[in-house]
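Structure file upload07.txt (compact mmCIF, C-alpha atoms and all ligand atoms) follows.
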```
# COMPACT_ATOMS: atom_id res chain seq x y z
CA MET O 1 161.76 158.61 7.64
CA SER O 2 162.95 159.04 11.21
CA GLY O 3 161.09 160.08 14.31
CA GLU O 4 162.30 162.28 17.16
CA GLN O 5 164.37 159.67 18.92
CA GLY O 6 165.84 158.39 15.66
CA LYS O 7 163.33 155.56 15.59
CA LYS O 8 161.97 154.51 12.21
CA VAL O 9 158.44 155.77 11.67
CA ILE O 10 156.07 153.14 10.34
CA SER O 11 153.66 154.18 7.59
CA ALA O 12 150.67 152.44 6.04
CA ILE O 13 151.42 149.87 3.35
CA LYS O 14 151.67 151.31 -0.14
CA GLY O 15 148.30 151.40 -1.85
CA THR O 16 146.34 151.36 1.40
CA LYS O 17 144.77 154.28 3.16
CA ASP O 18 143.42 155.29 6.56
CA ILE O 19 139.86 156.50 6.61
CA LEU O 20 139.95 159.19 9.27
CA PRO O 21 137.01 160.35 11.40
CA SER O 22 136.62 163.49 9.27
CA GLU O 23 135.81 161.28 6.28
CA VAL O 24 134.31 158.19 7.83
CA ARG O 25 130.83 159.67 8.33
CA LEU O 26 130.36 159.56 4.54
CA TRP O 27 131.32 155.88 4.54
CA GLN O 28 128.98 155.10 7.41
CA ILE O 29 126.05 156.84 5.72
CA ALA O 30 126.71 155.15 2.35
CA GLU O 31 127.01 151.74 4.01
CA ALA O 32 123.93 152.20 6.18
CA THR O 33 121.90 153.33 3.15
CA ALA O 34 123.03 150.30 1.14
CA ARG O 35 122.13 147.91 3.96
CA GLU O 36 118.73 149.51 4.46
CA ILE O 37 117.88 149.37 0.74
CA PHE O 38 119.11 145.79 0.22
CA GLU O 39 117.12 144.57 3.21
CA LEU O 40 114.01 146.15 1.64
CA TYR O 41 114.47 143.72 -1.26
CA GLY O 42 114.98 140.72 1.02
CA TYR O 43 118.79 140.57 0.85
CA ARG O 44 120.73 139.29 3.86
CA GLU O 45 124.34 139.89 4.73
CA LEU O 46 126.89 137.12 4.21
CA ARG O 47 130.34 137.82 5.65
CA ALA O 48 133.09 135.65 4.24
CA PRO O 49 136.77 135.76 5.29
CA VAL O 50 139.16 138.22 3.70
CA ILE O 51 141.66 135.43 2.93
CA GLU O 52 140.86 132.41 0.78
CA PRO O 53 142.77 129.56 -0.84
CA THR O 54 144.40 130.91 -4.01
CA GLU O 55 142.84 128.20 -6.18
CA LEU O 56 139.36 129.56 -5.41
CA PHE O 57 140.07 132.64 -7.52
CA GLU O 58 142.01 130.78 -10.18
CA ARG O 59 139.01 128.57 -10.76
CA GLY O 60 136.52 131.40 -10.40
CA THR O 61 137.94 133.82 -12.89
CA GLY O 62 139.40 131.58 -15.60
CA ALA O 63 143.16 131.31 -15.98
CA SER O 64 143.37 133.87 -18.78
CA SER O 65 141.97 136.76 -16.76
CA ASP O 66 144.21 139.66 -15.93
CA ILE O 67 142.98 139.54 -12.37
CA VAL O 68 144.68 136.14 -12.02
CA THR O 69 147.73 136.72 -14.15
CA LYS O 70 148.88 139.95 -12.58
CA GLU O 71 146.67 141.48 -9.92
CA MET O 72 146.21 138.97 -7.12
CA TYR O 73 147.53 139.65 -3.66
CA THR O 74 148.96 136.19 -3.01
CA PHE O 75 151.38 134.92 -0.41
CA THR O 76 152.48 131.67 1.19
CA ASP O 77 151.55 131.29 4.86
CA LYS O 78 153.59 129.58 7.58
CA GLY O 79 151.95 126.26 6.75
CA GLY O 80 153.11 126.49 3.14
CA ARG O 81 149.59 127.14 1.80
CA SER O 82 149.02 129.62 -0.99
CA ILE O 83 146.66 132.28 0.37
CA THR O 84 145.05 135.13 -1.54
CA LEU O 85 143.46 138.29 -0.25
CA ARG O 86 140.18 138.22 -2.16
CA PRO O 87 140.22 140.32 -5.34
CA GLU O 88 136.42 140.06 -5.68
CA TYR O 89 133.58 138.67 -3.66
CA THR O 90 131.56 136.28 -5.83
CA PRO O 91 133.87 133.21 -5.57
CA SER O 92 133.77 133.46 -1.76
CA VAL O 93 129.97 133.42 -1.78
CA VAL O 94 129.92 130.46 -4.15
CA ARG O 95 132.34 128.61 -1.88
CA ALA O 96 130.16 129.40 1.17
CA ILE O 97 127.00 128.20 -0.60
CA ILE O 98 128.60 124.86 -1.45
CA GLU O 99 130.33 124.47 1.91
CA HIS O 100 127.19 125.15 3.98
CA ARG O 101 124.72 123.61 1.50
CA LEU O 102 122.82 126.90 1.35
CA ASP O 103 121.30 125.60 -1.90
CA LEU O 104 118.99 123.47 0.28
CA GLN O 105 117.34 126.65 1.59
CA PRO O 106 114.36 128.21 -0.20
CA GLN O 107 115.52 129.92 -3.39
CA PRO O 108 116.37 132.43 -4.64
CA LEU O 109 119.16 133.15 -2.19
CA ARG O 110 119.80 136.87 -1.86
CA PHE O 111 123.05 138.08 -0.27
CA TYR O 112 124.88 141.34 0.16
CA TYR O 113 128.22 142.31 1.57
CA ILE O 114 130.22 145.50 2.11
CA GLY O 115 133.96 145.31 2.67
CA PRO O 116 137.53 145.43 1.43
CA MET O 117 138.92 143.67 -1.65
CA PHE O 118 142.57 143.54 -2.69
CA ARG O 119 144.67 143.61 -5.79
CA TYR O 120 148.38 143.78 -6.19
CA ASP O 121 149.12 146.13 -9.03
CA ARG O 122 150.95 149.40 -9.34
CA PRO O 123 149.05 151.88 -7.20
CA GLN O 124 147.95 154.86 -9.25
CA LYS O 125 145.74 157.84 -8.70
CA GLY O 126 142.39 156.75 -7.30
CA ARG O 127 143.33 153.04 -7.37
CA TYR O 128 144.24 151.28 -4.16
CA ARG O 129 145.59 147.86 -3.29
CA GLN O 130 142.93 147.69 -0.62
CA PHE O 131 139.70 149.03 -2.05
CA HIS O 132 136.10 148.59 -0.98
CA GLN O 133 133.04 147.17 -2.61
CA ILE O 134 129.34 146.95 -2.08
CA ASP O 135 128.38 143.57 -3.48
CA ILE O 136 125.10 141.73 -4.01
CA GLU O 137 124.46 138.20 -5.23
CA VAL O 138 121.34 136.23 -6.11
CA PHE O 139 121.38 132.46 -6.64
CA GLY O 140 118.69 130.16 -7.98
CA GLU O 141 116.60 132.63 -9.99
CA LYS O 142 116.46 132.16 -13.77
CA ASP O 143 113.74 134.74 -14.43
CA PRO O 144 115.11 137.85 -16.21
CA ALA O 145 112.91 139.91 -13.87
CA ILE O 146 115.66 139.52 -11.27
CA ASP O 147 118.24 140.92 -13.70
CA ALA O 148 116.14 144.06 -13.95
CA GLU O 149 115.32 144.12 -10.24
CA ILE O 150 118.96 144.26 -9.15
CA LEU O 151 119.55 147.12 -11.58
CA GLU O 152 116.55 148.93 -10.17
CA MET O 153 117.96 148.36 -6.67
CA ALA O 154 121.37 149.73 -7.76
CA HIS O 155 119.70 152.84 -9.17
CA ARG O 156 117.72 153.32 -5.98
CA LEU O 157 120.93 153.22 -3.96
CA LEU O 158 122.69 155.67 -6.28
CA SER O 159 119.85 158.16 -6.23
CA SER O 160 119.53 157.87 -2.43
CA LEU O 161 123.17 158.91 -2.19
CA GLY O 162 122.69 161.86 -4.51
CA VAL O 163 124.51 160.37 -7.49
CA THR O 164 123.18 161.97 -10.67
CA GLY O 165 124.04 161.84 -14.34
CA VAL O 166 124.30 158.07 -14.50
CA PHE O 167 123.35 155.84 -17.37
CA THR O 168 123.12 152.12 -17.89
CA LEU O 169 124.80 149.91 -20.46
CA VAL O 170 123.46 146.40 -21.02
CA ASN O 171 124.48 143.44 -23.11
CA SER O 172 124.11 139.70 -23.38
CA VAL O 173 127.29 137.66 -23.59
CA GLY O 174 125.45 134.45 -24.51
CA CYS O 175 125.85 131.02 -22.98
CA LYS O 176 127.77 127.78 -23.41
CA LYS O 177 125.53 126.88 -26.34
CA CYS O 178 125.93 130.03 -28.42
CA ARG O 179 129.23 131.56 -27.33
CA PRO O 180 131.61 129.04 -28.97
CA ALA O 181 130.33 129.80 -32.50
CA TYR O 182 130.65 133.50 -31.79
CA GLY O 183 134.09 133.00 -30.25
CA GLN O 184 135.25 131.29 -33.44
CA LYS O 185 134.05 134.16 -35.64
CA LEU O 186 135.59 136.67 -33.27
CA ARG O 187 138.92 134.83 -33.22
CA GLU O 188 139.00 134.83 -37.01
CA ALA O 189 138.32 138.57 -37.08
CA ALA O 190 140.97 139.23 -34.42
CA LEU O 191 143.61 137.08 -36.11
CA ALA O 192 142.98 138.90 -39.40
CA VAL O 193 144.15 142.16 -37.80
CA LYS O 194 146.51 140.61 -35.23
CA GLU O 195 149.55 142.62 -36.35
CA GLN O 196 147.75 145.90 -35.66
CA LEU O 197 146.68 144.98 -32.11
CA CYS O 198 148.65 145.82 -28.95
CA PRO O 199 150.89 143.02 -27.57
CA ASP O 200 148.34 142.25 -24.84
CA CYS O 201 145.51 141.88 -27.34
CA GLN O 202 147.67 139.81 -29.69
CA ARG O 203 147.95 137.32 -26.86
CA LYS O 204 144.20 137.50 -26.22
CA SER O 205 143.30 137.05 -29.89
CA GLU O 206 144.20 133.38 -29.61
CA LEU O 207 143.34 132.70 -25.98
CA ASN O 208 140.24 134.78 -25.32
CA PRO O 209 139.36 137.29 -28.05
CA LEU O 210 136.27 138.43 -26.13
CA ARG O 211 138.57 140.30 -23.80
CA ILE O 212 139.94 142.50 -26.59
CA PHE O 213 136.80 144.58 -26.04
CA ASP O 214 138.14 145.52 -22.59
CA CYS O 215 141.36 147.01 -24.01
CA LYS O 216 141.80 150.72 -23.36
CA VAL O 217 144.26 151.28 -26.25
CA GLU O 218 142.58 153.54 -28.80
CA SER O 219 143.74 151.64 -31.92
CA CYS O 220 142.51 148.34 -30.42
CA ARG O 221 139.14 149.93 -29.64
CA ALA O 222 138.82 151.16 -33.21
CA LEU O 223 139.56 147.69 -34.57
CA ALA O 224 137.26 146.00 -32.05
CA ALA O 225 134.40 148.24 -33.19
CA GLY O 226 134.45 146.38 -36.51
CA PHE O 227 134.42 142.88 -34.95
CA PRO O 228 131.34 140.63 -35.07
CA ARG O 229 128.87 141.29 -32.26
CA ILE O 230 127.70 138.71 -29.76
CA THR O 231 124.11 139.96 -29.93
CA ASP O 232 123.94 138.69 -33.54
CA PHE O 233 124.88 135.17 -32.42
CA LEU O 234 122.63 134.59 -29.40
CA CYS O 235 120.70 131.33 -29.21
CA GLU O 236 116.93 131.35 -28.84
CA GLU O 237 117.06 131.07 -25.04
CA CYS O 238 119.61 133.87 -24.63
CA ARG O 239 117.79 136.12 -27.08
CA GLU O 240 114.51 135.63 -25.24
CA HIS O 241 116.17 136.28 -21.86
CA PHE O 242 117.75 139.48 -23.15
CA LYS O 243 114.45 140.68 -24.60
CA LYS O 244 112.53 140.03 -21.37
CA PHE O 245 115.27 141.68 -19.31
CA ARG O 246 114.91 144.86 -21.36
CA GLU O 247 111.12 144.74 -21.09
CA TYR O 248 111.43 144.72 -17.29
CA LEU O 249 113.89 147.62 -17.42
CA ASP O 250 111.29 149.55 -19.39
CA LEU O 251 108.73 148.67 -16.76
CA TYR O 252 110.93 150.29 -14.10
CA GLY O 253 111.56 153.28 -16.36
CA ILE O 254 115.31 152.65 -16.38
CA SER O 255 116.81 154.04 -19.56
CA TYR O 256 119.69 152.05 -20.98
CA ARG O 257 121.78 151.53 -24.06
CA VAL O 258 122.63 148.14 -25.54
CA GLU O 259 126.42 148.04 -25.71
CA PRO O 260 127.54 144.96 -27.72
CA THR O 261 131.19 145.44 -26.74
CA LEU O 262 130.36 145.24 -23.04
CA VAL O 263 131.70 141.83 -22.05
CA ARG O 264 132.90 142.62 -18.51
CA GLY O 265 136.37 141.76 -17.28
CA LEU O 266 135.66 138.26 -16.02
CA ASP O 267 135.22 135.12 -18.04
CA TYR O 268 132.45 133.52 -16.06
CA TYR O 269 129.57 135.72 -17.18
CA THR O 270 126.63 134.26 -19.10
CA LYS O 271 123.68 136.07 -20.66
CA THR O 272 123.22 139.45 -18.92
CA ALA O 273 126.11 141.86 -18.45
CA PHE O 274 125.66 145.47 -17.38
CA GLU O 275 127.41 148.57 -16.16
CA ILE O 276 126.18 151.80 -14.66
CA VAL O 277 128.51 154.59 -15.70
CA THR O 278 128.94 158.22 -14.74
CA GLU O 279 130.36 160.88 -16.95
CA GLU O 280 133.04 163.15 -15.60
CA ALA O 281 135.17 165.55 -17.59
CA GLY O 282 134.13 163.78 -20.78
CA ALA O 283 135.30 160.37 -19.56
CA GLN O 284 132.96 157.49 -18.75
CA ASN O 285 133.62 155.58 -15.59
CA ALA O 286 131.81 152.50 -14.37
CA ILE O 287 130.41 152.93 -10.88
CA CYS O 288 128.65 149.57 -10.81
CA GLY O 289 129.19 146.43 -12.85
CA GLY O 290 127.52 143.08 -12.87
CA GLY O 291 125.95 140.24 -14.69
CA ARG O 292 124.81 136.67 -14.69
CA TYR O 293 126.98 133.61 -14.04
CA ASP O 294 124.74 130.62 -14.50
CA ASP O 295 127.49 127.98 -14.71
CA MET O 296 129.70 129.16 -11.91
CA VAL O 297 128.40 127.14 -8.95
CA ARG O 298 128.54 123.95 -10.99
CA GLU O 299 132.07 124.72 -12.15
CA PHE O 300 133.05 125.00 -8.50
CA GLY O 301 131.75 121.49 -7.94
CA GLY O 302 128.42 122.60 -6.53
CA PRO O 303 124.81 122.01 -7.59
CA ASP O 304 123.22 123.44 -10.71
CA LEU O 305 122.42 126.91 -9.37
CA CYS O 306 122.32 129.98 -11.58
CA GLY O 307 123.60 133.29 -10.24
CA ILE O 308 123.60 137.02 -10.84
CA GLY O 309 125.04 140.01 -8.99
CA PHE O 310 126.78 143.34 -9.06
CA ALA O 311 129.65 145.13 -7.36
CA MET O 312 129.93 148.83 -6.69
CA GLY O 313 133.22 150.52 -5.83
CA VAL O 314 132.79 152.51 -2.61
CA GLU O 315 135.71 154.91 -3.23
CA ARG O 316 134.30 155.73 -6.64
CA LEU O 317 130.77 155.96 -5.27
CA LEU O 318 131.82 158.47 -2.62
CA SER O 319 133.67 160.57 -5.18
CA VAL O 320 130.42 161.21 -7.08
CA ALA O 321 127.88 161.01 -4.23
CA ARG O 322 126.32 164.08 -2.70
CA ILE O 323 125.73 163.02 0.88
CA LYS O 324 124.43 165.45 3.46
CA VAL O 325 126.23 164.76 6.72
CA PRO O 326 124.06 165.78 9.70
CA GLU O 327 125.71 168.11 12.22
CA ARG O 328 126.95 166.46 15.40
CA SER O 329 124.88 167.43 18.38
CA PHE O 330 126.32 167.11 21.86
CA VAL O 331 126.16 168.60 25.34
CA TYR O 332 129.28 170.26 26.72
CA PHE O 333 129.53 170.37 30.51
CA ALA O 334 130.62 173.71 31.97
CA TYR O 335 131.34 173.02 35.64
CA LEU O 336 133.22 174.81 38.38
CA GLY O 337 135.17 172.89 41.02
CA GLU O 338 135.71 169.24 41.97
CA GLU O 339 132.22 168.76 43.44
CA ALA O 340 130.56 169.98 40.23
CA LYS O 341 132.94 167.90 38.13
CA LYS O 342 131.83 164.72 39.91
CA GLU O 343 128.19 165.72 39.56
CA SER O 344 128.78 166.37 35.83
CA LEU O 345 130.16 162.87 35.38
CA LYS O 346 126.99 161.45 36.94
CA LEU O 347 124.68 163.72 34.94
CA ALA O 348 126.47 162.81 31.70
CA ARG O 349 126.00 159.15 32.49
CA ASN O 350 122.24 159.70 32.84
CA LEU O 351 121.96 161.78 29.68
CA ARG O 352 123.85 159.15 27.67
CA SER O 353 121.31 156.60 28.87
CA GLU O 354 118.74 158.85 27.19
CA GLY O 355 120.72 158.65 23.94
CA ILE O 356 122.25 162.12 24.25
CA GLU O 357 125.92 162.62 23.35
CA CYS O 358 127.90 164.28 26.17
CA LEU O 359 131.38 165.69 26.58
CA VAL O 360 132.89 166.26 30.02
CA GLU O 361 136.44 167.55 29.80
CA PHE O 362 138.67 167.05 32.81
CA LYS O 363 140.68 170.23 32.70
CA GLU O 364 139.82 172.94 35.27
CA ARG O 365 138.41 176.02 33.52
CA LYS O 366 136.78 179.32 34.34
CA MET O 367 133.19 179.68 33.12
CA LYS O 368 134.26 182.07 30.35
CA ASP O 369 136.89 179.57 29.13
CA HIS O 370 134.34 176.77 29.18
CA PHE O 371 132.17 178.72 26.76
CA SER O 372 134.95 179.53 24.34
CA ARG O 373 136.01 175.88 24.46
CA ALA O 374 132.41 174.73 23.77
CA ASN O 375 132.27 177.13 20.83
CA LYS O 376 135.53 175.87 19.42
CA LEU O 377 134.38 172.26 19.61
CA GLY O 378 131.04 173.13 18.00
CA ALA O 379 128.87 172.05 20.92
CA GLU O 380 125.16 172.50 20.30
CA TRP O 381 124.37 172.62 24.03
CA VAL O 382 126.18 173.78 27.15
CA LEU O 383 124.99 172.53 30.53
CA ILE O 384 126.07 174.79 33.38
CA VAL O 385 126.86 172.96 36.61
CA GLY O 386 127.79 175.45 39.34
CA GLU O 387 127.31 175.59 43.11
CA ASP O 388 123.86 177.18 42.80
CA GLU O 389 122.71 174.53 40.36
CA LEU O 390 123.96 171.74 42.59
CA ARG O 391 122.08 173.11 45.58
CA LYS O 392 118.79 173.68 43.71
CA GLY O 393 118.96 170.52 41.57
CA LYS O 394 118.04 172.73 38.60
CA PHE O 395 120.47 173.44 35.79
CA GLN O 396 120.99 176.05 33.11
CA LEU O 397 121.03 174.71 29.58
CA LYS O 398 122.24 176.97 26.83
CA ASP O 399 121.32 176.34 23.20
CA MET O 400 124.44 177.56 21.40
CA THR O 401 122.88 177.59 17.94
CA LYS O 402 119.81 179.62 18.85
CA ALA O 403 121.17 181.78 21.68
CA ARG O 404 118.44 180.78 24.14
CA GLN O 405 118.57 179.35 27.61
CA PHE O 406 116.46 176.92 29.63
CA GLU O 407 116.32 176.11 33.32
CA GLY O 408 115.11 172.86 34.76
CA SER O 409 115.79 169.47 36.26
CA LEU O 410 117.94 167.05 34.30
CA ILE O 411 114.86 165.15 33.12
CA GLU O 412 113.20 168.33 31.87
CA LEU O 413 116.34 169.42 30.03
CA ALA O 414 116.82 165.98 28.49
CA SER O 415 113.36 166.19 26.97
CA ILE O 416 114.12 169.66 25.56
CA ILE O 417 117.28 168.31 23.90
CA LYS O 418 115.49 165.29 22.50
CA GLY O 419 112.52 167.39 21.38
CA LYS O 420 114.76 169.68 19.34
CA LYS O 421 116.50 166.67 17.83
CA ILE O 422 113.19 165.21 16.68
CA LEU O 423 112.05 168.57 15.32
CA GLU O 424 115.26 169.05 13.31
CA THR O 425 115.82 165.56 11.98
CA GLY O 426 112.17 164.62 11.56
ZN ZN F 501 122.82 131.09 -25.56
ZN ZN F 502 144.83 146.14 -27.00
```

How does the structure come out when it is put into structure tokens?
Amino acid sequence: MSGEQGKKVISAIKGTKDILPSEVRLWQIAEATAREIFELYGYRELRAPVIEPTELFERGTGASSDIVTKEMYTFTDKGGRSITLRPEYTPSVVRAIIEHRLDLQPQPLRFYYIGPMFRYDRPQKGRYRQFHQIDIEVFGEKDPAIDAEILEMAHRLLSSLGVTGVFTLVNSVGCKKCRPAYGQKLREAALAVKEQLCPDCQRKSELNPLRIFDCKVESCRALAAGFPRITDFLCEECREHFKKFREYLDLYGISYRVEPTLVRGLDYYTKTAFEIVTEEAGAQNAICGGGRYDDMVREFGGPDLCGIGFAMGVERLLSVARIKVPERSFVYFAYLGEEAKKESLKLARNLRSEGIECLVEFKERKMKDHFSRANKLGAEWVLIVGEDELRKGKFQLKDMTKARQFEGSLIELASIIKGKKILETG
């Protein structure tokens, strides 16, 4: 593409997207709501860097994961180090816990984070190379009550943002004690039908048959439906945890379905796995996914600290949310002449100190043109600053939405504006 002077026009990198002011209000409201709700449950924000050493994610996700084999956004920096733009947040938090010895603080540790993640795959509709997640993590809490509490918190966030028609899938993927025996049975079942599986699943049948359940190919799904189920192989501890978890879900009145094929995409999960899905045009889409990872911190060389968390895709969340964006309210200054312009600049400065949004445009206009301009911009208020007003120190304030007018000093008018704001927003 070429610009006017024949200069090459630079566009955003493929798979990334600008969030323009017309759309960003939705993001701000969703993010503010998430922060507010998480803080109510005692979560605190932990901001980790966007770039990390590549090995952090190779260790964190297990070498057989798709996320490692084909989706990481990895490059070599000028120092010859392999750097990866984080594909998910949990490994960064685990690294930060170990690095800063956060495990020495009172437990459980509750963290949240909202920000961009990256993956390098073929961009397709609704999938971006830079996408955004709302992420929470809890470390050092074994009690299954926390598993239910984070789900309750996720549901609270979804309903606060007007997301309806969601339901919850839960499963237990077992632990180090009980998963190997199940893995063996599953491998046998997968190998028995290996020829009928897709090439990807044929590879998985040897390496990690659990991941065959993630396959989207219809014939693989049909075969996987006949495979042994993890819930029949759980050890005493895992079975008890799963039972208690569901009891606490009942306590919160969260309806759910046990989905034995739900194993989540990542290898590091233990015990609880869950998804919250929405139904659109007959297709189920996960809006939130999470689970427990009790061995992860230790596998990263840290202390024995169990963990659980979830991630919510913001793009997906906004596509199903029904968020009411409040109208912008601001004061437009209709002034005549240089003297009144200067006075307007001073008045605007004072009103802004009162928390009132102001717009003083610098172009000379007739009074009639000021009003049509204010209308076009959607101003709620117009403050008239003419010679008379300057002399008297009293101004005319027009309420554009209710076709009424007030006269008074700046302080009086400021309190009218603020009073209406309180009345309308509660
Ligand atoms: Zn177990
Ligand atoms: Zn397959």

Å distance separating CA of Ile146 (chain O) from CA of Ile323 (chain O), one decimal place: 28.3 Å

Protein and nucleic acid residues within 7 Å of ligand ZN 501 (chain F) (only C-alpha atoms and all ligand atoms) as an MDAnalysis selection string: chainID O and resid 174:179 234:238

Expected selection as an NGL selection string for ligand ZN 502 (chain F) within 12 Å, only C-alpha atoms and all ligand atoms: :O and (190 or 193-205 or 209-224)

Listed atoms of region 379-385 of chain O boxed along x, y and z, 8 Å each side, centre and edge lengths in Å, one decimal, as AutoDock Vina command-line options:
```
--center_x 126.6 --center_y 173.4 --center_z 28.5 --size_x 20.5 --size_y 18.7 --size_z 32.3
```

Nearby residues (all atoms listed in the file) at most 12 Å from Ser159 (chain O), same-chain spacing under 2 positions excluded, as a PyMOL selection string: chain O and resi 30+33-34+37+152-157+161-167+317+320-323

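For the set O:Thr168, O:Met296, O:Ile417, O:Arg95, the residue with the smallest atom-to-atom gap to Ser255 (chain O) is O:Thr168, counting all atoms listed in the file.
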
Which of O:Arg316, O:Arg373, O:Lys398, O:Lys324 sits closest to Glu280 (chain O) [using all atoms listed in the file]: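 Using all atoms listed in the file, Glu280 (chain O) sits closest to O:Arg316.
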
For CA of Thr261 (chain O) and CA of Arg229 (chain O), the interatomic separation in Å (one decimal): 7.3 Å

Nearest residue to Tyr73 (chain O) from the set O:Arg122, O:Tyr112, O:Arg129, O:Tyr335 (distances using all atoms listed in the file):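 Counting all atoms listed in the file, the residue closest to Tyr73 (chain O) is O:Arg129.
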
Between CA of Val173 (chain O) and CA of Phe38 (chain O), distance in Å (one decimal): 26.5 Å

Shell around Glu240 (chain O) at 12 Å using only C-alpha atoms, local window under 5 positions removed, as a PyMOL selection string: chain O and resi 143-144+172+174+231+234-235+245-247+271-272

Residues within 12 Å of (121.9, 177.5, 18.3), file coords, all atoms listed in the file, listed as a list in words: Glu327, Ser329, Phe330, Asn375, Gly378, Ala379, Glu380, Trp381, Val382, Leu397, Lys398, Asp399, Met400, Thr401, Lys402, Ala403, Arg404, Gln405, Ile417, Lys420 and Glu424 of chain O

Closest of O:Leu423, O:Ala181, O:Ile10, O:Val138 to Asp294 (chain O) - atom-to-atom distances counting all atoms listed in the file: O:Val138

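For the residues O:Asp77, O:Glu315, O:Glu88, O:Asp18, ranking by smallest atom-to-atom distance to Leu56 (chain O) using only C-alpha atoms places O:Glu88 first.
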
Pick from O:Asp135, O:Asp103, O:Glu357, O:Asp295, whichever lies nearest to Gly313 (chain O) using only C-alpha atoms: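 For Gly313 (chain O), the nearest of the given residues is O:Asp135.
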